[in-house]
$ cat input01.cif   # mmCIF, C-alpha atoms
data_input
loop_
_atom_site.label_atom_id
_atom_site.label_comp_id
_atom_site.auth_asym_id
_atom_site.auth_seq_id
_atom_site.Cartn_x
_atom_site.Cartn_y
_atom_site.Cartn_z
CA MET A 631 107.75 79.73 67.27
CA LYS A 632 111.18 80.30 68.72
CA ASP A 633 111.52 83.51 70.70
CA SER A 634 113.87 86.12 69.36
CA VAL A 635 115.93 88.33 71.64
CA PRO A 636 117.17 91.91 71.27
CA ASP A 637 120.57 92.39 69.75
CA MET A 638 122.69 93.83 72.53
CA PRO A 639 125.79 95.49 71.03
CA ASP A 640 128.10 97.67 73.04
CA HIS A 641 126.28 100.97 72.64
CA THR A 642 128.40 104.06 72.32
CA HIS A 643 125.24 106.09 72.90
CA SER A 644 122.43 105.89 75.40
CA PRO A 645 120.01 103.17 74.19
CA THR A 646 116.85 104.43 72.50
CA PRO A 647 113.51 102.69 71.84
CA ALA A 648 114.77 101.89 68.35
CA ASP A 649 117.65 99.86 69.89
CA PHE A 650 115.15 97.55 71.60
CA GLU A 651 114.48 94.82 69.10
CA GLU A 652 111.08 93.15 69.36
CA LEU A 653 110.78 89.91 71.32
CA ARG A 654 108.37 87.42 69.78
CA GLY A 655 106.24 84.60 71.11
CA GLY A 656 103.72 83.23 68.61
CA SER A 657 101.61 86.06 67.21
CA LEU A 658 102.54 88.29 70.17
CA GLY A 659 105.50 90.61 70.41
CA VAL A 660 106.86 93.02 72.98
CA ARG A 661 108.76 96.19 72.15
CA LEU A 662 108.97 99.87 72.98
CA ALA A 663 106.63 102.43 71.44
CA GLN A 664 108.41 104.51 68.80
CA THR A 665 105.67 106.73 67.40
CA PRO A 666 103.02 109.12 68.82
CA ALA A 667 100.33 106.83 67.37
CA GLU A 668 101.65 103.87 69.38
CA ILE A 669 101.76 105.92 72.58
CA ASP A 670 98.20 107.08 71.87
CA ALA A 671 97.14 103.45 71.47
CA ALA A 672 98.69 102.62 74.86
CA GLN A 673 96.83 105.53 76.46
CA ALA A 674 93.57 104.41 74.85
CA LEU A 675 94.10 100.88 76.15
CA ARG A 676 94.78 102.22 79.64
CA TYR A 677 91.54 104.21 79.50
CA ARG A 678 89.50 101.16 78.47
CA VAL A 679 90.97 98.97 81.19
CA PHE A 680 91.22 101.45 84.07
CA TYR A 681 88.11 103.56 83.50
CA GLU A 682 85.64 101.50 81.49
CA GLU A 683 86.45 98.09 82.99
CA MET A 684 87.80 98.75 86.49
CA GLY A 685 85.66 101.76 87.38
CA ALA A 686 88.26 104.50 87.74
CA LYS A 687 86.84 108.02 87.81
CA PRO A 688 87.94 110.03 84.75
CA SER A 689 88.46 113.77 84.63
CA ASP A 690 86.38 115.70 82.11
CA LYS A 691 89.40 115.82 79.82
CA ALA A 692 90.00 112.06 80.07
CA SER A 693 86.33 111.31 79.55
CA HIS A 694 86.23 113.46 76.42
CA SER A 695 89.43 112.06 74.90
CA GLU A 696 88.96 108.49 76.15
CA ARG A 697 92.66 108.46 76.95
CA ASP A 698 94.56 107.98 80.23
CA VAL A 699 97.28 110.62 80.03
CA ASP A 700 99.55 112.45 82.47
CA ASP A 701 102.83 114.38 82.41
CA PHE A 702 104.99 111.27 82.78
CA ASP A 703 103.87 109.88 79.42
CA ALA A 704 105.99 112.43 77.57
CA VAL A 705 109.26 111.43 79.25
CA CYS A 706 108.94 107.69 79.91
CA ASP A 707 109.38 104.62 77.72
CA HIS A 708 106.17 102.76 76.87
CA LEU A 709 106.56 98.99 76.74
CA LEU A 710 103.99 97.48 74.37
CA VAL A 711 102.61 93.99 73.87
CA VAL A 712 101.35 93.72 70.30
CA ASP A 713 99.29 91.05 68.58
CA HIS A 714 100.36 90.80 64.94
CA GLN A 715 97.13 89.02 64.06
CA LEU A 716 95.37 92.34 64.66
CA GLY A 717 97.62 94.28 62.29
CA GLU A 718 100.98 95.98 62.25
CA GLY A 719 100.02 99.44 63.49
CA PRO A 720 98.59 100.96 66.67
CA GLU A 721 95.55 98.66 66.41
CA SER A 722 97.82 95.76 67.44
CA VAL A 723 98.57 97.16 70.93
CA VAL A 724 97.05 94.81 73.54
CA GLY A 725 99.27 95.48 76.58
CA THR A 726 101.41 98.24 77.99
CA TYR A 727 103.71 99.08 80.89
CA ARG A 728 105.21 102.48 81.67
CA LEU A 729 108.96 102.59 82.41
CA ILE A 730 110.45 105.67 84.07
CA ARG A 731 114.21 105.89 84.56
CA ARG A 732 115.88 108.44 86.83
CA SER A 733 116.75 110.69 83.88
CA ALA A 734 113.08 110.80 82.87
CA ALA A 735 111.90 111.51 86.41
CA ASP A 736 114.40 114.37 86.61
CA LYS A 737 112.60 116.08 83.72
CA ILE A 738 109.35 116.08 85.74
CA GLY A 739 111.04 116.70 89.07
CA ARG A 740 109.79 113.55 90.76
CA PHE A 741 108.80 109.91 90.32
CA TYR A 742 105.11 109.05 90.05
CA SER A 743 105.16 106.96 93.26
CA ALA A 744 106.20 110.02 95.28
CA ASP A 745 102.54 111.08 95.38
CA GLU A 746 101.83 108.08 97.61
CA TYR A 747 105.11 106.98 99.19
CA ASP A 748 108.26 108.31 100.73
CA ILE A 749 110.71 106.92 98.15
CA SER A 750 113.75 108.84 99.34
CA LYS A 751 115.67 105.57 99.68
CA MET A 752 115.07 104.89 95.99
CA ILE A 753 116.01 108.44 95.02
CA ASN A 754 119.23 108.21 97.02
CA TYR A 755 120.10 104.71 95.85
CA PRO A 756 123.60 104.78 94.30
CA GLY A 757 122.71 102.50 91.38
CA LYS A 758 120.36 102.87 88.44
CA VAL A 759 116.67 102.74 89.35
CA LEU A 760 113.56 102.16 87.27
CA GLU A 761 109.96 102.95 88.20
CA LEU A 762 107.26 100.75 86.68
CA GLY A 763 103.58 101.60 86.48
CA ARG A 764 100.34 101.86 84.49
CA SER A 765 100.41 98.17 83.63
CA CYS A 766 97.44 96.72 81.78
CA ILE A 767 96.53 94.05 79.23
CA SER A 768 93.34 93.90 77.18
CA LYS A 769 90.70 91.53 78.48
CA ALA A 770 90.94 89.26 75.44
CA HIS A 771 94.68 88.79 75.97
CA ARG A 772 94.76 88.61 79.74
CA GLY A 773 96.56 85.33 80.19
CA MET A 774 99.95 83.83 80.78
CA PRO A 775 101.46 84.30 77.26
CA ALA A 776 100.99 88.07 77.25
CA MET A 777 102.05 88.50 80.87
CA GLN A 778 105.13 86.32 80.45
CA LEU A 779 106.12 88.20 77.32
CA MET A 780 105.72 91.50 79.16
CA TRP A 781 108.06 90.28 81.91
CA ARG A 782 110.58 89.19 79.25
CA GLY A 783 110.40 92.68 77.84
CA ILE A 784 111.02 94.23 81.24
CA ALA A 785 113.99 91.89 81.77
CA ALA A 786 115.46 92.90 78.41
CA TYR A 787 114.98 96.59 79.23
CA VAL A 788 116.63 96.15 82.64
CA PHE A 789 119.50 94.32 80.95
CA MET A 790 119.88 97.01 78.28
CA HIS A 791 119.93 99.93 80.73
CA LYS A 792 121.84 98.12 83.50
CA ILE A 793 119.11 98.79 86.05
CA ASP A 794 119.93 97.86 89.65
CA VAL A 795 116.54 98.29 91.36
CA MET A 796 112.97 98.41 90.08
CA PHE A 797 110.10 99.86 92.07
CA GLY A 798 106.56 101.08 91.67
CA CYS A 799 103.01 100.75 92.93
CA ALA A 800 101.00 97.57 92.33
CA SER A 801 97.24 97.71 92.69
CA LEU A 802 94.75 95.45 94.43
CA PRO A 803 91.03 95.82 93.65
CA GLY A 804 88.62 97.97 95.65
CA THR A 805 89.02 100.64 98.29
CA ASP A 806 88.16 98.66 101.46
CA PRO A 807 91.41 97.39 103.03
CA ASP A 808 89.55 94.94 105.26
CA ALA A 809 87.98 93.28 102.22
CA ILE A 810 91.49 92.30 101.12
CA GLY A 811 92.85 92.08 104.65
CA ARG A 812 94.25 88.60 104.14
CA ASP A 813 96.24 89.71 101.07
CA LEU A 814 97.62 92.82 102.73
CA THR A 815 98.53 90.97 105.92
CA TYR A 816 100.22 88.19 103.95
CA LEU A 817 102.36 90.68 102.02
CA TRP A 818 103.30 92.60 105.18
CA ALA A 819 104.17 89.46 107.15
CA ASN A 820 106.15 87.68 104.44
CA HIS A 821 107.54 90.16 101.95
CA LEU A 822 108.32 93.43 103.75
CA ALA A 823 111.27 95.17 102.13
CA PRO A 824 114.54 95.49 104.04
CA GLU A 825 114.89 98.79 105.85
CA GLU A 826 117.48 100.20 103.47
CA LEU A 827 115.13 99.81 100.49
CA ARG A 828 111.71 100.20 102.12
CA PRO A 829 109.25 102.78 100.78
CA VAL A 830 106.81 104.05 103.41
CA ALA A 831 103.35 105.37 102.64
CA LEU A 832 103.05 109.11 103.25
CA PRO A 833 101.62 109.87 106.70
CA ASP A 834 98.35 111.33 105.44
CA ARG A 835 97.76 108.33 103.16
CA TYR A 836 99.15 105.50 105.30
CA VAL A 837 96.88 102.46 105.76
CA SER A 838 98.20 99.64 107.93
CA MET A 839 98.70 96.40 106.01
CA ARG A 840 98.43 94.26 109.16
CA ARG A 841 94.67 93.71 109.08
CA MET A 842 94.62 90.44 111.05
CA ASP A 843 96.81 88.00 112.96
CA PRO A 844 99.24 86.52 110.41
CA ALA A 845 99.11 83.19 112.25
CA THR A 846 95.47 82.77 111.21
CA ILE A 847 96.18 83.06 107.49
CA ASP A 848 96.38 80.17 105.04
CA MET A 849 99.55 81.36 103.34
CA ARG A 850 99.14 79.23 100.23
CA ARG A 851 95.61 80.49 99.58
CA ALA A 852 96.68 84.06 100.28
CA LEU A 853 99.49 83.86 97.73
CA ALA A 854 97.19 82.26 95.15
CA SER A 855 94.62 85.04 95.52
CA LEU A 856 97.05 87.88 94.75
CA PRO A 857 96.79 89.66 91.38
CA PRO A 858 99.07 88.15 88.71
CA LEU A 859 101.22 91.27 88.56
CA VAL A 860 101.93 91.18 92.30
CA LYS A 861 102.75 87.48 92.12
CA GLY A 862 105.10 88.22 89.25
CA TYR A 863 107.03 90.69 91.40
CA LEU A 864 107.23 88.17 94.24
CA ARG A 865 108.56 85.44 91.95
CA LEU A 866 111.44 87.77 91.14
CA GLY A 867 112.24 88.11 94.83
CA GLY A 868 110.33 91.36 95.20
CA PHE A 869 109.40 93.10 98.43
CA VAL A 870 106.59 95.43 99.47
CA GLY A 871 106.82 98.75 101.26
CA ASP A 872 105.32 99.67 104.61
CA GLY A 873 101.71 100.78 104.36
CA ALA A 874 99.03 100.60 101.70
CA VAL A 875 97.42 103.60 100.00
CA ILE A 876 93.80 103.91 98.91
CA ASP A 877 93.45 105.40 95.43
CA HIS A 878 89.83 106.48 95.18
CA GLN A 879 90.20 107.76 91.62
CA PHE A 880 91.37 104.40 90.31
CA ASN A 881 89.22 102.31 92.69
CA THR A 882 92.28 100.44 93.97
CA ILE A 883 94.46 99.88 97.00
CA ASP A 884 98.13 100.35 96.15
CA VAL A 885 101.18 98.69 97.66
CA ALA A 886 104.74 99.74 96.92
CA VAL A 887 106.91 97.05 95.36
CA VAL A 888 110.72 96.90 95.19
CA VAL A 889 112.80 94.40 93.20
CA LYS A 890 116.56 94.18 93.16
CA THR A 891 117.35 93.12 89.63
CA GLU A 892 120.16 90.59 90.11
CA LEU A 893 117.74 87.69 89.58
CA VAL A 894 116.07 89.41 86.62
CA THR A 895 119.31 90.16 84.81
CA GLU A 896 120.84 86.77 85.59
CA LYS A 897 117.84 84.94 84.11
CA TYR A 898 117.92 87.13 81.04
CA ARG A 899 121.70 86.92 80.68
CA SER A 900 121.51 83.11 80.76
CA HIS A 901 118.74 83.08 78.17
CA TYR A 902 120.56 85.57 75.95
CA ALA A 903 123.80 83.59 76.15
CA ARG A 904 121.98 80.39 75.10
CA GLU A 905 120.38 82.16 72.15
CA GLN A 906 123.69 83.64 70.99
CA SER A 907 125.39 80.24 71.09
CA GLU A 908 122.78 78.58 68.87
#
$ encode --input "input01.cif" --output "C-alpha cells"
Amino acid sequence: MKDSVPDMPDHTHSPTPADFEELRGGSLGVRLAQTPAEIDAAQALRYRVFYEEMGAKPSDKASHSERDVDDFDAVCDHLLVVDHQLGEGPESVVGTYRLIRRSAADKIGRFYSADEYDISKMINYPGKVLELGRSCISKAHRGMPAMQLMWRGIAAYVFMHKIDVMFGCASLPGTDPDAIGRDLTYLWANHLAPEELRPVALPDRYVSMRRMDPATIDMRRALASLPPLVKGYLRLGGFVGDGAVIDHQFNTIDVAVVVKTELVTEKYRSHYAREQSE
C-alpha cells in the first residue's frame, strides 16, 4: 500500500494534533493522539512495556492504575503507531513516542531530561528544539515496519513545526555500566556531540562512558549490538552527550542523544515533494 503523507498547508495558526494527517504503511498508521482515551492507551502501553516487560519499579499509584503517567503527559504531543487490524479506537495503539516542544516544557518549567543532564545548551539554543522520550512498541509489533513508520512520523512532526534540534535520553538495558561497556565506549569514542550542543550528565549522576580502551573494540559488532532506537538516532547523524546515567527505577542506563534536523527535514522534504508531484 502506498504511503500517504500529511497535507502541509501554510498554517495561519500553530499546528495542532488535528493538523497532523495520519501516515499509513500497510495496516499500520502513525498519527498524534487527539483524545484522552488515546493518551490513556499510550500510558497503558508504556506501563506494559516498561514495568511488566522491562522490570521498571512502579509507584503504588502506577501499580494500581497500570499506567505510566507523569506531569509532562498533559502538555506534550503523543505520537501513536496504530494497527488498524486491531480496531479503530484506543485498542489499536501499538507504539508511542512523547514529543515535548519548548512551549510545552515552559508550562512545566523544565524539560524531562533536566533531571539527568545539564541541557543548558539546548535551552539556550536559538532555534526550535524538541525533546523526545518514553518510546515503546508492543512486543508483537517490535520490528522494522513499526519503527520505520514511527521515524517517518517524527520526521513529519519536525517538518511541520520547523524543529532545528531534537534531543532526549535513549536507554540501554540494565544498571551495570561495565556489562554494556563496549556499547558505551563505542558511543563515547565515535559519536560524542560537539561542544556547543553537548549535554553533560549531572555531577551526582555522572557515569563515565569510557569503560575500556576504544582501540580494543570491534566497532562493527558494537554498532550492531546497540538498541534499534539508538541506531536510528545515529543513522540520522545523531550524537551522544558526555556521561551515562543509571536509572534504577526503569532498570536502564541512559545516554543523552542530540540530532540536528537538517538531514531529517531534507529526507522528508524530498519524499513530500515526490508525493505532491504524483
$ resolve_selection --input "input01.cif" --expression "the PyMOL selection byres ((chain A and resi 889) around 8)" --output "count of residues only"
12
$ residues_around --input "input01.cif" --residues "range 720-724 of chain A" --least-positions-apart "4" --cutoff "6 Å" --atoms "only C-alpha atoms" --output "list in words"
Glu668, Ala671, Val711, Val712, Asp713, Leu716, Ile767 and Ser768 of chain A
$ closest_atom_pairs --input "input01.cif" --of "range 715-748 of chain A" --to "range 800-818 of chain A" --cutoff "12 Å" --atoms "only C-alpha atoms" --output "Markdown table"
| residue | atom | partner | partner_atom | distance |
| --- | --- | --- | --- | --- |
| A:Tyr727 | CA | A:Ala800 | CA | 11.9 |
| A:Ser743 | CA | A:Ala800 | CA | 10.3 |
| A:Glu746 | CA | A:Ala800 | CA | 11.8 |
$ resolve_selection --input "input01.cif" --expression "the PyMOL selection byres ((chain A and resi 871) around 10)" --output "list in words"
Tyr747, Asp748, Ile749, Phe797, Gly798, Cys799, Leu817, Trp818, His821, Leu822, Ala823, Pro824, Glu825, Leu827, Arg828, Pro829, Val830, Ala831, Met839, Phe869, Val870, Asp872, Gly873, Ala874, Val885, Ala886, Val887 and Val888 of chain A
$ write_last_selection --input "input01.cif" --atoms "C-alpha atoms" --output "PDB file, keeping the file's coordinate frame"
ATOM      1  CA  TYR A 747     105.110 106.980  99.190  1.00  0.00           C
ATOM      2  CA  ASP A 748     108.260 108.310 100.730  1.00  0.00           C
ATOM      3  CA  ILE A 749     110.710 106.920  98.150  1.00  0.00           C
ATOM      4  CA  PHE A 797     110.100  99.860  92.070  1.00  0.00           C
ATOM      5  CA  GLY A 798     106.560 101.080  91.670  1.00  0.00           C
ATOM      6  CA  CYS A 799     103.010 100.750  92.930  1.00  0.00           C
ATOM      7  CA  LEU A 817     102.360  90.680 102.020  1.00  0.00           C
ATOM      8  CA  TRP A 818     103.300  92.600 105.180  1.00  0.00           C
ATOM      9  CA  HIS A 821     107.540  90.160 101.950  1.00  0.00           C
ATOM     10  CA  LEU A 822     108.320  93.430 103.750  1.00  0.00           C
ATOM     11  CA  ALA A 823     111.270  95.170 102.130  1.00  0.00           C
ATOM     12  CA  PRO A 824     114.540  95.490 104.040  1.00  0.00           C
ATOM     13  CA  GLU A 825     114.890  98.790 105.850  1.00  0.00           C
ATOM     14  CA  LEU A 827     115.130  99.810 100.490  1.00  0.00           C
ATOM     15  CA  ARG A 828     111.710 100.200 102.120  1.00  0.00           C
ATOM     16  CA  PRO A 829     109.250 102.780 100.780  1.00  0.00           C
ATOM     17  CA  VAL A 830     106.810 104.050 103.410  1.00  0.00           C
ATOM     18  CA  ALA A 831     103.350 105.370 102.640  1.00  0.00           C
ATOM     19  CA  MET A 839      98.700  96.400 106.010  1.00  0.00           C
ATOM     20  CA  PHE A 869     109.400  93.100  98.430  1.00  0.00           C
ATOM     21  CA  VAL A 870     106.590  95.430  99.470  1.00  0.00           C
ATOM     22  CA  ASP A 872     105.320  99.670 104.610  1.00  0.00           C
ATOM     23  CA  GLY A 873     101.710 100.780 104.360  1.00  0.00           C
ATOM     24  CA  ALA A 874      99.030 100.600 101.700  1.00  0.00           C
ATOM     25  CA  VAL A 885     101.180  98.690  97.660  1.00  0.00           C
ATOM     26  CA  ALA A 886     104.740  99.740  96.920  1.00  0.00           C
ATOM     27  CA  VAL A 887     106.910  97.050  95.360  1.00  0.00           C
ATOM     28  CA  VAL A 888     110.720  96.900  95.190  1.00  0.00           C
TER      29      VAL A 888
END
$ atom_distance --input "input01.cif" --atom1 "CA of Glu896 in chain A" --atom2 "CA of Phe789 in chain A"
9.0 Å
$ closest_residue --input "input01.cif" --among "A:Gly739, A:Gly763, A:Trp781, A:Phe680" --to "Gly862 in chain A" --atoms "all atoms listed in the file"
A:Trp781
$ closest_residue --input "input01.cif" --among "A:Leu675, A:Ala854, A:Val705, A:Val875" --to "Leu832 in chain A" --atoms "only C-alpha atoms"
A:Val875
$ atom_distance --input "input01.cif" --atom1 "CA of Asp670 in chain A" --atom2 "CA of Val860 in chain A"
26.2 Å
$ closest_residue --input "input01.cif" --among "A:His714, A:Arg835, A:Asp843, A:Glu892" --to "Ala744 in chain A" --atoms "all atoms listed in the file"
A:Arg835
$ closest_residue --input "input01.cif" --among "A:Ala674, A:Ala785, A:Leu893, A:Met777" --to "Gly655 in chain A" --atoms "only C-alpha atoms"
A:Met777
$ residues_near_point --input "input01.cif" --point "(111.8, 104.8, 81.5)" --cutoff "10 Å" --atoms "only C-alpha atoms" --output "count of residues only"
23
$ closest_residue --input "input01.cif" --among "A:Val837, A:Leu859, A:Val894, A:Ala692" --to "Ala776 in chain A" --atoms "only C-alpha atoms"
A:Leu859
$ closest_residue --input "input01.cif" --among "A:Lys751, A:Arg841, A:Lys769, A:Arg764" --to "Glu683 in chain A" --atoms "only C-alpha atoms"
A:Lys769
$ decode --input "input01.cif" --residues "range 770-820 of chain A" --atoms "C-alpha atoms" --output "JSON list (two decimals), in the first residue's frame"
[["chain", "number", "residue", "atom", "x", "y", "z"],
["A", 770, "ALA", "CA", 4.07, -8.22, 18.87],
["A", 771, "HIS", "CA", 4.86, -5.22, 16.66],
["A", 772, "ARG", "CA", 8.51, -4.75, 17.55],
["A", 773, "GLY", "CA", 10.03, -4.85, 14.11],
["A", 774, "MET", "CA", 11.20, -2.68, 11.28],
["A", 775, "PRO", "CA", 7.78, -1.63, 9.85],
["A", 776, "ALA", "CA", 6.56, -0.08, 13.10],
["A", 777, "MET", "CA", 9.92, 1.52, 13.92],
["A", 778, "GLN", "CA", 10.32, 2.95, 10.42],
["A", 779, "LEU", "CA", 6.81, 4.34, 10.50],
["A", 780, "MET", "CA", 7.49, 5.95, 13.86],
["A", 781, "TRP", "CA", 10.58, 7.67, 12.44],
["A", 782, "ARG", "CA", 8.51, 8.88, 9.48],
["A", 783, "GLY", "CA", 6.06, 10.34, 11.95],
["A", 784, "ILE", "CA", 8.83, 12.12, 13.83],
["A", 785, "ALA", "CA", 10.19, 13.50, 10.53],
["A", 786, "ALA", "CA", 6.75, 14.81, 9.60],
["A", 787, "TYR", "CA", 6.35, 16.41, 13.03],
["A", 788, "VAL", "CA", 9.78, 18.04, 12.78],
["A", 789, "PHE", "CA", 8.87, 19.30, 9.31],
["A", 790, "MET", "CA", 5.51, 20.66, 10.49],
["A", 791, "HIS", "CA", 6.92, 22.53, 13.49],
["A", 792, "LYS", "CA", 10.19, 23.59, 11.83],
["A", 793, "ILE", "CA", 12.29, 21.96, 14.55],
["A", 794, "ASP", "CA", 16.03, 22.66, 14.40],
["A", 795, "VAL", "CA", 17.38, 20.25, 17.03],
["A", 796, "MET", "CA", 15.98, 17.10, 18.66],
["A", 797, "PHE", "CA", 17.29, 15.69, 21.91],
["A", 798, "GLY", "CA", 16.39, 13.28, 24.65],
["A", 799, "CYS", "CA", 17.54, 10.27, 26.63],
["A", 800, "ALA", "CA", 17.89, 6.85, 24.99],
["A", 801, "SER", "CA", 18.03, 3.79, 27.21],
["A", 802, "LEU", "CA", 20.29, 0.75, 27.22],
["A", 803, "PRO", "CA", 19.28, -2.31, 29.27],
["A", 804, "GLY", "CA", 20.40, -2.98, 32.84],
["A", 805, "THR", "CA", 22.09, -0.91, 35.52],
["A", 806, "ASP", "CA", 25.68, -2.23, 35.30],
["A", 807, "PRO", "CA", 27.71, 0.07, 33.01],
["A", 808, "ASP", "CA", 30.51, -2.46, 32.69],
["A", 809, "ALA", "CA", 28.08, -5.05, 31.33],
["A", 810, "ILE", "CA", 27.49, -2.74, 28.36],
["A", 811, "GLY", "CA", 30.97, -1.22, 28.48],
["A", 812, "ARG", "CA", 31.63, -1.90, 24.81],
["A", 813, "ASP", "CA", 28.46, -0.06, 23.76],
["A", 814, "LEU", "CA", 29.11, 2.94, 25.99],
["A", 815, "THR", "CA", 32.75, 3.18, 24.94],
["A", 816, "TYR", "CA", 31.83, 2.91, 21.26],
["A", 817, "LEU", "CA", 29.30, 5.75, 21.56],
["A", 818, "TRP", "CA", 31.74, 7.96, 23.50],
["A", 819, "ALA", "CA", 34.62, 7.34, 21.09],
["A", 820, "ASN", "CA", 32.69, 7.73, 17.84]]
